[in-house]
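Novice: For reference, the file work00.pdb (PDB, C-alpha atoms, pLDDT in the B column) is included below:
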ATOM      1  CA  MET G 165      16.378   7.476  -1.120  1.00 92.00           C
ATOM      2  CA  LEU G 166      13.594   5.157  -2.268  1.00 96.00           C
ATOM      3  CA  ILE G 167      11.001   7.756  -3.318  1.00 97.00           C
ATOM      4  CA  GLU G 168      11.613  11.400  -4.224  1.00 98.00           C
ATOM      5  CA  LEU G 169       8.934  13.718  -5.602  1.00 98.00           C
ATOM      6  CA  LYS G 170       9.886  17.158  -6.878  1.00 98.00           C
ATOM      7  CA  ASN G 171       7.151  19.723  -7.562  1.00 98.00           C
ATOM      8  CA  ILE G 172       4.587  17.094  -8.602  1.00 98.00           C
ATOM      9  CA  ILE G 173       1.465  18.573 -10.177  1.00 98.00           C
ATOM     10  CA  LYS G 174      -1.604  16.561 -11.158  1.00 97.00           C
ATOM     11  CA  ASN G 175      -4.482  18.112 -13.079  1.00 96.00           C
ATOM     12  CA  TYR G 176      -7.563  16.462 -14.531  1.00 94.00           C
ATOM     13  CA  GLU G 177      -9.123  17.989 -17.628  1.00 92.00           C
ATOM     14  CA  ASN G 178     -12.733  17.692 -18.771  1.00 91.00           C
ATOM     15  CA  GLY G 179     -13.185  19.838 -21.847  1.00 89.00           C
ATOM     16  CA  ASP G 180     -12.309  23.384 -20.839  1.00 91.00           C
ATOM     17  CA  VAL G 181     -12.522  22.570 -17.124  1.00 94.00           C
ATOM     18  CA  VAL G 182      -9.206  21.898 -15.367  1.00 94.00           C
ATOM     19  CA  THR G 183      -9.310  20.439 -11.859  1.00 94.00           C
ATOM     20  CA  LYS G 184      -6.084  20.934  -9.941  1.00 95.00           C
ATOM     21  CA  VAL G 185      -5.606  17.991  -7.554  1.00 96.00           C
ATOM     22  CA  LEU G 186      -1.915  18.020  -6.616  1.00 97.00           C
ATOM     23  CA  ARG G 187      -0.293  21.447  -6.439  1.00 96.00           C
ATOM     24  CA  GLY G 188       3.478  21.121  -6.304  1.00 97.00           C
ATOM     25  CA  ILE G 189       4.156  18.158  -4.015  1.00 98.00           C
ATOM     26  CA  ASN G 190       7.692  17.705  -2.679  1.00 98.00           C
ATOM     27  CA  LEU G 191       8.156  14.494  -0.708  1.00 98.00           C
ATOM     28  CA  SER G 192      10.964  12.049   0.059  1.00 97.00           C
ATOM     29  CA  VAL G 193      10.656   8.590   1.613  1.00 98.00           C
ATOM     30  CA  ASP G 194      13.638   6.517   2.713  1.00 97.00           C
ATOM     31  CA  GLU G 195      13.700   2.752   2.419  1.00 96.00           C
ATOM     32  CA  GLY G 196      12.304   1.141   5.576  1.00 97.00           C
ATOM     33  CA  GLU G 197      10.080   4.060   6.617  1.00 97.00           C
ATOM     34  CA  PHE G 198       6.448   3.714   7.687  1.00 97.00           C
ATOM     35  CA  VAL G 199       4.661   6.831   6.403  1.00 98.00           C
ATOM     36  CA  ALA G 200       0.980   7.675   6.872  1.00 97.00           C
ATOM     37  CA  ILE G 201      -0.634  10.166   4.479  1.00 97.00           C
ATOM     38  CA  MET G 202      -3.647  11.878   6.026  1.00 96.00           C
ATOM     39  CA  GLY G 203      -6.172  14.429   4.835  1.00 93.00           C
ATOM     40  CA  PRO G 204      -9.909  15.037   4.479  1.00 90.00           C
ATOM     41  CA  SER G 205     -11.970  13.661   1.606  1.00 88.00           C
ATOM     42  CA  GLY G 206     -10.990  15.428  -1.613  1.00 90.00           C
ATOM     43  CA  SER G 207      -7.625  16.563  -0.260  1.00 94.00           C
ATOM     44  CA  GLY G 208      -5.660  14.646  -2.908  1.00 94.00           C
ATOM     45  CA  LYS G 209      -4.211  11.947  -0.650  1.00 94.00           C
ATOM     46  CA  SER G 210      -5.404   9.003  -2.764  1.00 91.00           C
ATOM     47  CA  THR G 211      -4.292  10.759  -5.975  1.00 95.00           C
ATOM     48  CA  LEU G 212      -0.881  11.217  -4.365  1.00 96.00           C
ATOM     49  CA  MET G 213      -0.681   7.506  -3.532  1.00 94.00           C
ATOM     50  CA  HIS G 214      -1.802   6.536  -7.034  1.00 93.00           C
ATOM     51  CA  THR G 215       0.883   8.803  -8.486  1.00 95.00           C
ATOM     52  CA  ILE G 216       3.621   7.412  -6.237  1.00 95.00           C
ATOM     53  CA  GLY G 217       2.409   3.879  -6.980  1.00 94.00           C
ATOM     54  CA  PHE G 218       2.448   4.365 -10.777  1.00 94.00           C
ATOM     55  CA  LEU G 219      -1.302   3.925 -11.105  1.00 92.00           C
ATOM     56  CA  ASP G 220      -1.448   7.451 -12.551  1.00 93.00           C
ATOM     57  CA  ARG G 221       1.092   9.748 -14.170  1.00 94.00           C
ATOM     58  CA  PRO G 222       1.733  13.284 -12.894  1.00 96.00           C
ATOM     59  CA  THR G 223       0.939  16.225 -15.156  1.00 96.00           C
ATOM     60  CA  SER G 224       4.369  17.675 -14.425  1.00 96.00           C
ATOM     61  CA  GLY G 225       7.219  17.421 -11.962  1.00 97.00           C
ATOM     62  CA  GLU G 226       9.968  14.886 -11.349  1.00 97.00           C
ATOM     63  CA  TYR G 227       9.564  11.474  -9.726  1.00 97.00           C
ATOM     64  CA  LEU G 228      12.624   9.400  -8.793  1.00 97.00           C
ATOM     65  CA  PHE G 229      11.993   5.815  -7.673  1.00 96.00           C
ATOM     66  CA  ASP G 230      14.959   3.928  -6.232  1.00 93.00           C
ATOM     67  CA  GLY G 231      17.265   6.450  -7.863  1.00 93.00           C
ATOM     68  CA  GLU G 232      15.684   6.256 -11.331  1.00 93.00           C
ATOM     69  CA  ASN G 233      13.910   9.157 -13.003  1.00 94.00           C
ATOM     70  CA  THR G 234      10.575   7.651 -14.076  1.00 94.00           C
ATOM     71  CA  GLU G 235       9.498  10.392 -16.487  1.00 90.00           C
ATOM     72  CA  GLY G 236      10.506   8.506 -19.615  1.00 88.00           C
ATOM     73  CA  PHE G 237       9.225   5.088 -18.552  1.00 91.00           C
ATOM     74  CA  ASN G 238       6.725   3.558 -20.973  1.00 93.00           C
ATOM     75  CA  ASP G 239       3.586   1.710 -19.884  1.00 90.00           C
ATOM     76  CA  ASP G 240       5.290  -1.709 -19.959  1.00 89.00           C
ATOM     77  CA  GLU G 241       8.146  -0.479 -17.764  1.00 91.00           C
ATOM     78  CA  LEU G 242       5.698   1.053 -15.278  1.00 91.00           C
ATOM     79  CA  ALA G 243       3.665  -2.166 -15.203  1.00 88.00           C
ATOM     80  CA  ARG G 244       6.845  -4.125 -14.454  1.00 88.00           C
ATOM     81  CA  ILE G 245       7.670  -1.814 -11.534  1.00 91.00           C
ATOM     82  CA  ARG G 246       4.108  -2.120 -10.194  1.00 90.00           C
ATOM     83  CA  ASN G 247       4.256  -5.883 -10.319  1.00 87.00           C
ATOM     84  CA  ASP G 248       7.822  -6.580  -9.165  1.00 88.00           C
ATOM     85  CA  ARG G 249       8.731  -3.732  -6.813  1.00 92.00           C
ATOM     86  CA  ILE G 250       5.434  -2.461  -5.412  1.00 94.00           C
ATOM     87  CA  GLY G 251       2.594  -4.131  -3.530  1.00 94.00           C
ATOM     88  CA  PHE G 252      -0.909  -2.675  -3.187  1.00 94.00           C
ATOM     89  CA  VAL G 253      -3.550  -3.171  -0.493  1.00 95.00           C
ATOM     90  CA  PHE G 254      -6.911  -1.486  -1.103  1.00 91.00           C
ATOM     91  CA  GLN G 255      -9.951  -0.812   1.054  1.00 89.00           C
ATOM     92  CA  SER G 256     -12.151  -3.028  -1.134  1.00 90.00           C
ATOM     93  CA  PHE G 257      -9.725  -6.030  -1.125  1.00 91.00           C
ATOM     94  CA  ASN G 258     -10.002  -6.538  -4.940  1.00 91.00           C
ATOM     95  CA  LEU G 259      -9.912 -10.345  -4.713  1.00 93.00           C
ATOM     96  CA  LEU G 260     -11.177 -12.548  -7.520  1.00 92.00           C
ATOM     97  CA  PRO G 261     -14.536 -14.030  -6.463  1.00 88.00           C
ATOM     98  CA  ARG G 262     -15.106 -17.809  -6.497  1.00 88.00           C
ATOM     99  CA  THR G 263     -11.329 -18.244  -6.671  1.00 94.00           C
ATOM    100  CA  SER G 264      -9.273 -19.869  -3.935  1.00 96.00           C
ATOM    101  CA  VAL G 265      -7.227 -17.873  -1.459  1.00 96.00           C
ATOM    102  CA  LEU G 266      -4.081 -19.553  -2.818  1.00 96.00           C
ATOM    103  CA  ASP G 267      -4.854 -18.738  -6.447  1.00 95.00           C
ATOM    104  CA  ASN G 268      -5.572 -15.085  -5.582  1.00 96.00           C
ATOM    105  CA  VAL G 269      -2.083 -14.803  -4.112  1.00 96.00           C
ATOM    106  CA  ILE G 270      -0.425 -16.684  -6.991  1.00 94.00           C
ATOM    107  CA  LEU G 271      -1.839 -14.253  -9.577  1.00 91.00           C
ATOM    108  CA  PRO G 272       0.888 -11.545  -9.373  1.00 90.00           C
ATOM    109  CA  LEU G 273       3.539 -14.240  -9.874  1.00 90.00           C
ATOM    110  CA  LEU G 274       1.892 -15.290 -13.126  1.00 86.00           C
ATOM    111  CA  TYR G 275       2.037 -11.685 -14.363  1.00 79.00           C
ATOM    112  CA  SER G 276       5.653 -11.308 -13.297  1.00 74.00           C
ATOM    113  CA  GLY G 277       6.878 -14.118 -15.528  1.00 68.00           C
ATOM    114  CA  SER G 278       8.792 -15.556 -12.588  1.00 67.00           C
ATOM    115  CA  LYS G 279       9.829 -19.177 -13.119  1.00 64.00           C
ATOM    116  CA  THR G 280      10.080 -19.990  -9.425  1.00 73.00           C
ATOM    117  CA  ASN G 281       7.616 -22.211  -7.592  1.00 85.00           C
ATOM    118  CA  TYR G 282       4.410 -20.196  -7.515  1.00 89.00           C
ATOM    119  CA  GLU G 283       2.601 -22.320  -4.984  1.00 92.00           C
ATOM    120  CA  SER G 284       5.370 -22.419  -2.369  1.00 93.00           C
ATOM    121  CA  ARG G 285       5.869 -18.642  -2.532  1.00 93.00           C
ATOM    122  CA  ALA G 286       2.131 -18.010  -2.218  1.00 95.00           C
ATOM    123  CA  LYS G 287       1.883 -20.412   0.739  1.00 95.00           C
ATOM    124  CA  LYS G 288       4.777 -18.637   2.462  1.00 94.00           C
ATOM    125  CA  ALA G 289       3.078 -15.245   2.006  1.00 95.00           C
ATOM    126  CA  LEU G 290      -0.220 -16.583   3.384  1.00 95.00           C
ATOM    127  CA  GLU G 291       1.523 -18.140   6.366  1.00 94.00           C
ATOM    128  CA  ALA G 292       3.095 -14.735   7.089  1.00 92.00           C
ATOM    129  CA  VAL G 293      -0.419 -13.279   7.581  1.00 94.00           C
ATOM    130  CA  GLY G 294      -1.724 -16.253   9.556  1.00 91.00           C
ATOM    131  CA  LEU G 295      -3.784 -17.878   6.790  1.00 93.00           C
ATOM    132  CA  GLY G 296      -1.791 -21.033   6.168  1.00 90.00           C
ATOM    133  CA  GLU G 297      -4.892 -23.089   7.028  1.00 89.00           C
ATOM    134  CA  ARG G 298      -7.155 -21.247   4.574  1.00 90.00           C
ATOM    135  CA  LEU G 299      -5.307 -21.931   1.312  1.00 94.00           C
ATOM    136  CA  HIS G 300      -8.145 -23.708  -0.470  1.00 93.00           C
ATOM    137  CA  PHE G 301     -11.064 -21.648   0.839  1.00 95.00           C
ATOM    138  CA  MET G 302     -12.839 -19.605  -1.803  1.00 95.00           C
ATOM    139  CA  SER G 303     -12.417 -15.849  -1.391  1.00 93.00           C
ATOM    140  CA  ASN G 304     -16.173 -15.505  -0.827  1.00 90.00           C
ATOM    141  CA  GLN G 305     -16.025 -18.004   2.057  1.00 92.00           C
ATOM    142  CA  ILE G 306     -13.846 -15.956   4.389  1.00 95.00           C
ATOM    143  CA  SER G 307     -14.430 -12.889   6.552  1.00 93.00           C
ATOM    144  CA  GLY G 308     -13.621  -9.300   5.590  1.00 93.00           C
ATOM    145  CA  GLY G 309     -10.605  -9.261   7.871  1.00 93.00           C
ATOM    146  CA  GLN G 310      -9.299 -12.473   6.325  1.00 95.00           C
ATOM    147  CA  LYS G 311      -9.879 -11.060   2.828  1.00 95.00           C
ATOM    148  CA  GLN G 312      -7.692  -8.084   3.686  1.00 94.00           C
ATOM    149  CA  ARG G 313      -5.001 -10.430   4.991  1.00 95.00           C
ATOM    150  CA  VAL G 314      -5.161 -12.322   1.670  1.00 96.00           C
ATOM    151  CA  ALA G 315      -4.725  -8.954  -0.059  1.00 95.00           C
ATOM    152  CA  ILE G 316      -1.624  -8.268   2.055  1.00 96.00           C
ATOM    153  CA  ALA G 317      -0.230 -11.716   1.180  1.00 96.00           C
ATOM    154  CA  ARG G 318      -0.868 -10.972  -2.495  1.00 95.00           C
ATOM    155  CA  ALA G 319       0.996  -7.658  -2.101  1.00 95.00           C
ATOM    156  CA  LEU G 320       3.920  -9.485  -0.470  1.00 94.00           C
ATOM    157  CA  VAL G 321       4.309 -12.426  -2.813  1.00 93.00           C
ATOM    158  CA  CYS G 322       6.608 -10.717  -5.342  1.00 91.00           C
ATOM    159  CA  ASP G 323       8.851  -9.411  -2.519  1.00 91.00           C
ATOM    160  CA  PRO G 324       8.273  -5.691  -3.247  1.00 93.00           C
ATOM    161  CA  LYS G 325      10.378  -2.800  -1.982  1.00 91.00           C
ATOM    162  CA  VAL G 326       7.311  -0.872  -0.819  1.00 96.00           C
ATOM    163  CA  ILE G 327       3.709  -1.663   0.110  1.00 97.00           C
ATOM    164  CA  PHE G 328       1.011   0.946  -0.494  1.00 96.00           C
ATOM    165  CA  ALA G 329      -2.101   0.578   1.655  1.00 96.00           C
ATOM    166  CA  ASP G 330      -5.098   2.775   0.753  1.00 93.00           C
ATOM    167  CA  GLU G 331      -7.553   2.894   3.706  1.00 93.00           C
ATOM    168  CA  PRO G 332      -6.801  -0.791   4.479  1.00 94.00           C
ATOM    169  CA  THR G 333      -9.026  -0.809   7.592  1.00 93.00           C
ATOM    170  CA  GLY G 334     -11.902   1.190   6.099  1.00 90.00           C
ATOM    171  CA  ASN G 335     -14.208  -1.809   5.513  1.00 89.00           C
ATOM    172  CA  LEU G 336     -13.263  -3.720   8.650  1.00 92.00           C
ATOM    173  CA  ASP G 337     -14.526  -4.025  12.206  1.00 91.00           C
ATOM    174  CA  SER G 338     -12.206  -2.757  14.926  1.00 89.00           C
ATOM    175  CA  LYS G 339     -10.646  -6.157  15.773  1.00 89.00           C
ATOM    176  CA  SER G 340      -9.947  -7.040  12.140  1.00 90.00           C
ATOM    177  CA  GLY G 341      -8.571  -3.541  11.549  1.00 91.00           C
ATOM    178  CA  HIS G 342      -6.265  -3.963  14.531  1.00 90.00           C
ATOM    179  CA  ILE G 343      -4.965  -7.258  13.132  1.00 91.00           C
ATOM    180  CA  VAL G 344      -4.314  -5.731   9.700  1.00 92.00           C
ATOM    181  CA  MET G 345      -2.379  -2.839  11.233  1.00 93.00           C
ATOM    182  CA  ASN G 346      -0.385  -5.258  13.378  1.00 92.00           C
ATOM    183  CA  ILE G 347       0.633  -7.146  10.230  1.00 93.00           C
ATOM    184  CA  LEU G 348       1.686  -3.942   8.451  1.00 94.00           C
ATOM    185  CA  GLU G 349       3.706  -2.871  11.476  1.00 93.00           C
ATOM    186  CA  LYS G 350       5.370  -6.283  11.649  1.00 92.00           C
ATOM    187  CA  LEU G 351       6.322  -6.052   7.972  1.00 93.00           C
ATOM    188  CA  ASN G 352       7.808  -2.613   8.595  1.00 94.00           C
ATOM    189  CA  ASN G 353       9.764  -3.932  11.570  1.00 92.00           C
ATOM    190  CA  GLU G 354      11.215  -6.538   9.204  1.00 92.00           C
ATOM    191  CA  GLY G 355      12.470  -3.740   6.931  1.00 93.00           C
ATOM    192  CA  ARG G 356       9.607  -3.294   4.467  1.00 95.00           C
ATOM    193  CA  THR G 357       8.684   0.273   3.439  1.00 97.00           C
ATOM    194  CA  ILE G 358       4.997   1.021   4.128  1.00 97.00           C
ATOM    195  CA  ILE G 359       3.055   3.997   2.754  1.00 97.00           C
ATOM    196  CA  LEU G 360      -0.430   4.189   4.232  1.00 96.00           C
ATOM    197  CA  VAL G 361      -3.337   6.439   3.256  1.00 95.00           C
ATOM    198  CA  THR G 362      -5.915   6.918   6.002  1.00 94.00           C
ATOM    199  CA  HIS G 363      -8.347   9.422   7.488  1.00 90.00           C
ATOM    200  CA  ASP G 364      -8.126   7.703  10.915  1.00 91.00           C
ATOM    201  CA  LYS G 365      -5.624   9.277  13.330  1.00 92.00           C
ATOM    202  CA  GLN G 366      -5.361   6.084  15.420  1.00 91.00           C
ATOM    203  CA  VAL G 367      -4.444   4.121  12.307  1.00 93.00           C
ATOM    204  CA  ALA G 368      -1.923   6.790  11.278  1.00 95.00           C
ATOM    205  CA  LEU G 369      -0.231   6.577  14.678  1.00 95.00           C
ATOM    206  CA  HIS G 370       1.091   3.125  13.793  1.00 95.00           C
ATOM    207  CA  ALA G 371       3.457   4.972  11.423  1.00 96.00           C
ATOM    208  CA  ASN G 372       6.637   6.744  12.459  1.00 95.00           C
ATOM    209  CA  ARG G 373       5.864   9.727  10.224  1.00 98.00           C
ATOM    210  CA  ILE G 374       2.612  11.479   9.288  1.00 98.00           C
ATOM    211  CA  VAL G 375       2.260  13.604   6.155  1.00 98.00           C
ATOM    212  CA  THR G 376      -0.900  15.722   6.075  1.00 97.00           C
ATOM    213  CA  ILE G 377      -2.290  16.982   2.779  1.00 97.00           C
ATOM    214  CA  SER G 378      -4.999  19.577   2.172  1.00 96.00           C
ATOM    215  CA  ASP G 379      -6.235  20.982  -1.148  1.00 96.00           C
ATOM    216  CA  GLY G 380      -3.443  19.198  -2.980  1.00 96.00           C
ATOM    217  CA  GLU G 381      -0.613  20.590  -0.858  1.00 97.00           C
ATOM    218  CA  ILE G 382       1.413  19.135   1.997  1.00 98.00           C
ATOM    219  CA  ILE G 383       0.630  21.224   5.067  1.00 97.00           C
ATOM    220  CA  SER G 384       2.657  19.210   7.592  1.00 97.00           C
ATOM    221  CA  ASP G 385       5.234  16.429   7.622  1.00 98.00           C
ATOM    222  CA  VAL G 386       6.122  15.309  11.128  1.00 98.00           C
ATOM    223  CA  LEU G 387       7.831  12.433  12.875  1.00 97.00           C
ATOM    224  CA  VAL G 388       5.646  10.676  15.420  1.00 96.00           C
ATOM    225  CA  PRO G 389       7.228  10.643  18.900  1.00 94.00           C
ATOM    226  CA  GLU G 390       7.791   7.104  20.122  1.00 91.00           C
ATOM    227  CA  SER G 391       5.583   7.821  23.124  1.00 92.00           C
ATOM    228  CA  ASP G 392       2.624   8.650  20.820  1.00 92.00           C
ATOM    229  CA  ARG G 393       2.891   5.674  18.481  1.00 91.00           C
ATOM    230  CA  VAL G 394       0.359   2.860  18.583  1.00 88.00           C
ATOM    231  CA  HIS G 395       2.338  -0.358  18.920  1.00 78.00           C
ATOM    232  CA  SER G 396       1.060  -3.812  18.153  1.00 64.00           C
ATOM    233  CA  LYS G 397       1.235  -6.739  20.481  1.00 59.00           C
ATOM    234  CA  GLU G 398       2.967  -9.902  19.387  1.00 49.00           C
ATOM    235  CA  ILE G 399       1.298 -10.658  16.074  1.00 47.00           C
ATOM    236  CA  GLU G 400       0.755 -14.321  16.868  1.00 46.00           C
ATOM    237  CA  GLU G 401      -1.713 -13.364  19.603  1.00 48.00           C
ATOM    238  CA  ASP G 402      -4.067 -11.808  17.070  1.00 50.00           C
ATOM    239  CA  LEU G 403      -4.010 -14.219  14.146  1.00 50.00           C
ATOM    240  CA  ASP G 404      -6.408 -16.835  15.505  1.00 48.00           C
ATOM    241  CA  ILE G 405      -9.653 -15.623  13.917  1.00 40.00           C
TER     242      ILE G 405
END
Could you show the structure in this file as structure tokens?

Specialist:
Amino acid sequence: MLIELKNIIKNYENGDVVTKVLRGINLSVDEGEFVAIMGPSGSGKSTLMHTIGFLDRPTSGEYLFDGENTEGFNDDELARIRNDRIGFVFQSFNLLPRTSVLDNVILPLLYSGSKTNYESRAKKALEAVGLGERLHFMSNQISGGQKQRVAIARALVCDPKVIFADEPTGNLDSKSGHIVMNILEKLNNEGRTIILVTHDKQVALHANRIVTISDGEIISDVLVPESDRVHSKEIEEDLDI
């Protein structure tokens, strides 16, 4: 079991006001799954992803990651997990402006303290998303769809166990969104665990499992029948933009 949440509760406090966001979440994800988390705005789906991805700590409950109980992990240990074993893709790309595509992808390797060849690993990750010819473009010189592909390459470069994607198509046109989802599906087919947060049912249908959350509680957790899944075409057909 890669991820196991047991009765996870997340509250936010502002003076005497307590806002209950996650209300006893129980969730397990096996290595190699492609899971979509759906729910309306304010349902707690992004808070759930941030908790699973160690961007936020739960108020209470037990979280096991790759068999380890994370409750006692200090900030440095959590940062190491985030950098070495988890990759993040966000709706807003979060690239460094006026910095080359290659250098944006190299950045996580610098934080990791890895002594391996940064440039060759970054190039390999960019080639995997069809941007091998854009290495020295500045991040503000490429399209939104290409920026998101750079973000995926950056998430891949440290060879993580799981990639979290928070509304990865939200700022993209339909063709660019299709390409991004094709890449995520391809990575899953290669054995990578993908956890996707989305409000778009068509995007969620790329996954093989959909978890729906409402008011901080899981209200359904279903496998997607093969006949209902949205399958990508050969990825090479779509990487020529």

Novice: For the file shown, what are the residues hit by the PyMOL selection byres ((chain G and resi 262) around 10), laid out as a ChimeraX atom specification?

Specialist: /G:259-261,263-265,268,301-305

Novice: Counting only C-alpha atoms, figure out which residue out of G:Asp240, G:Asp379, G:Glu197, G:Glu291 gets nearest to G:Lys209.

Specialist: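 Of G:Asp240, G:Asp379, G:Glu197, G:Glu291, the one nearest G:Lys209, counting only C-alpha atoms, is G:Asp379.
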
Novice: Please, what distance in Å, to one decimal, runs between atom CA of G:Ala368 and atom CA of G:Asp330?

Specialist: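 So the two atoms, atom CA of G:Ala368 and atom CA of G:Asp330, lie 11.7 Å apart.
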
Novice: Using all atoms listed in the file, which residues sit within 6 Å of G:Phe257 once same-chain residues fewer than 2 positions away are excluded, as a list of chain:residue names?

Specialist: G:Phe254, G:Gln255, G:Leu259, G:Gln312, G:Ala315

Novice: What is the atom CA of G:Val269-atom CA of G:Cys322 distance in Å, reported with one decimal?

Specialist: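 Straight-line distance from atom CA of G:Val269 to atom CA of G:Cys322 works out to 9.7 Å.
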
Novice: Name the residues that the PyMOL selection byres ((chain G and resi 247) around 12) picks from the file above, as a PyMOL selection string, using the file's chain letters and numbers.

Specialist: chain G and resi 217-219+240-246+248-252+271-278+318-327

Novice: Residues at most 12 Å from G:Met165, counting all atoms listed in the file, excluding those fewer than 5 positions away in the same chain, as a PyMOL selection string?

Specialist: chain G and resi 191-197+227-232+325+357

Novice: Going by the chain IDs and residue numbers used in this file, which residues fall under the PyMOL selection byres ((chain G and resi 386-394) around 9)? Write them as a compact mmCIF listing (two decimals) with C-alpha atoms, keeping the file's coordinate frame.

Specialist:
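The resulting out_34.txt:
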# COMPACT_ATOMS: atom_id res chain seq x y z
CA GLN G 366 -5.36 6.08 15.42
CA VAL G 367 -4.44 4.12 12.31
CA ALA G 368 -1.92 6.79 11.28
CA LEU G 369 -0.23 6.58 14.68
CA HIS G 370 1.09 3.12 13.79
CA ALA G 371 3.46 4.97 11.42
CA ASN G 372 6.64 6.74 12.46
CA ARG G 373 5.86 9.73 10.22
CA ILE G 374 2.61 11.48 9.29
CA VAL G 375 2.26 13.60 6.16
CA THR G 376 -0.90 15.72 6.08
CA SER G 384 2.66 19.21 7.59
CA ASP G 385 5.23 16.43 7.62
CA HIS G 395 2.34 -0.36 18.92
CA SER G 396 1.06 -3.81 18.15

Novice: Mind pulling up the distance from atom CA of G:Ser207 to atom CA of G:Val181?

Specialist: 18.6 Å

Novice: Nearest residue to G:Asn346 out of G:Ile383, G:Val293, G:Val182, G:Leu360, using only C-alpha atoms?

Specialist: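 Once distances to G:Asn346 are computed over only C-alpha atoms, the minimum belongs to G:Val293.
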
Novice: Determine the nearest neighbour of G:Phe198 from the options G:Ile382, G:Leu348, G:Leu299, G:Ile358, counting only C-alpha atoms.

Specialist: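 Smallest distance to G:Phe198 is found for G:Ile358.
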
Novice: For each of G:Ile173, G:Ile347, G:Ile359, G:Ile377, take the minimum atom-to-atom distance to G:Asp220, counting only C-alpha atoms, then give the residue where this is smallest.

Specialist: G:Ile173

Novice: Pick from G:Ile167, G:Val314, G:Ala329, G:Val199: nearest to G:Asp267, with only C-alpha atoms counted?

Specialist: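 Smallest distance to G:Asp267 is found for G:Val314.
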
Novice: Which residue out of G:Glu283, G:Glu177, G:Glu331, G:Glu349 has the minimum interatomic distance to G:Thr362 when only C-alpha atoms are used?

Specialist: G:Glu331
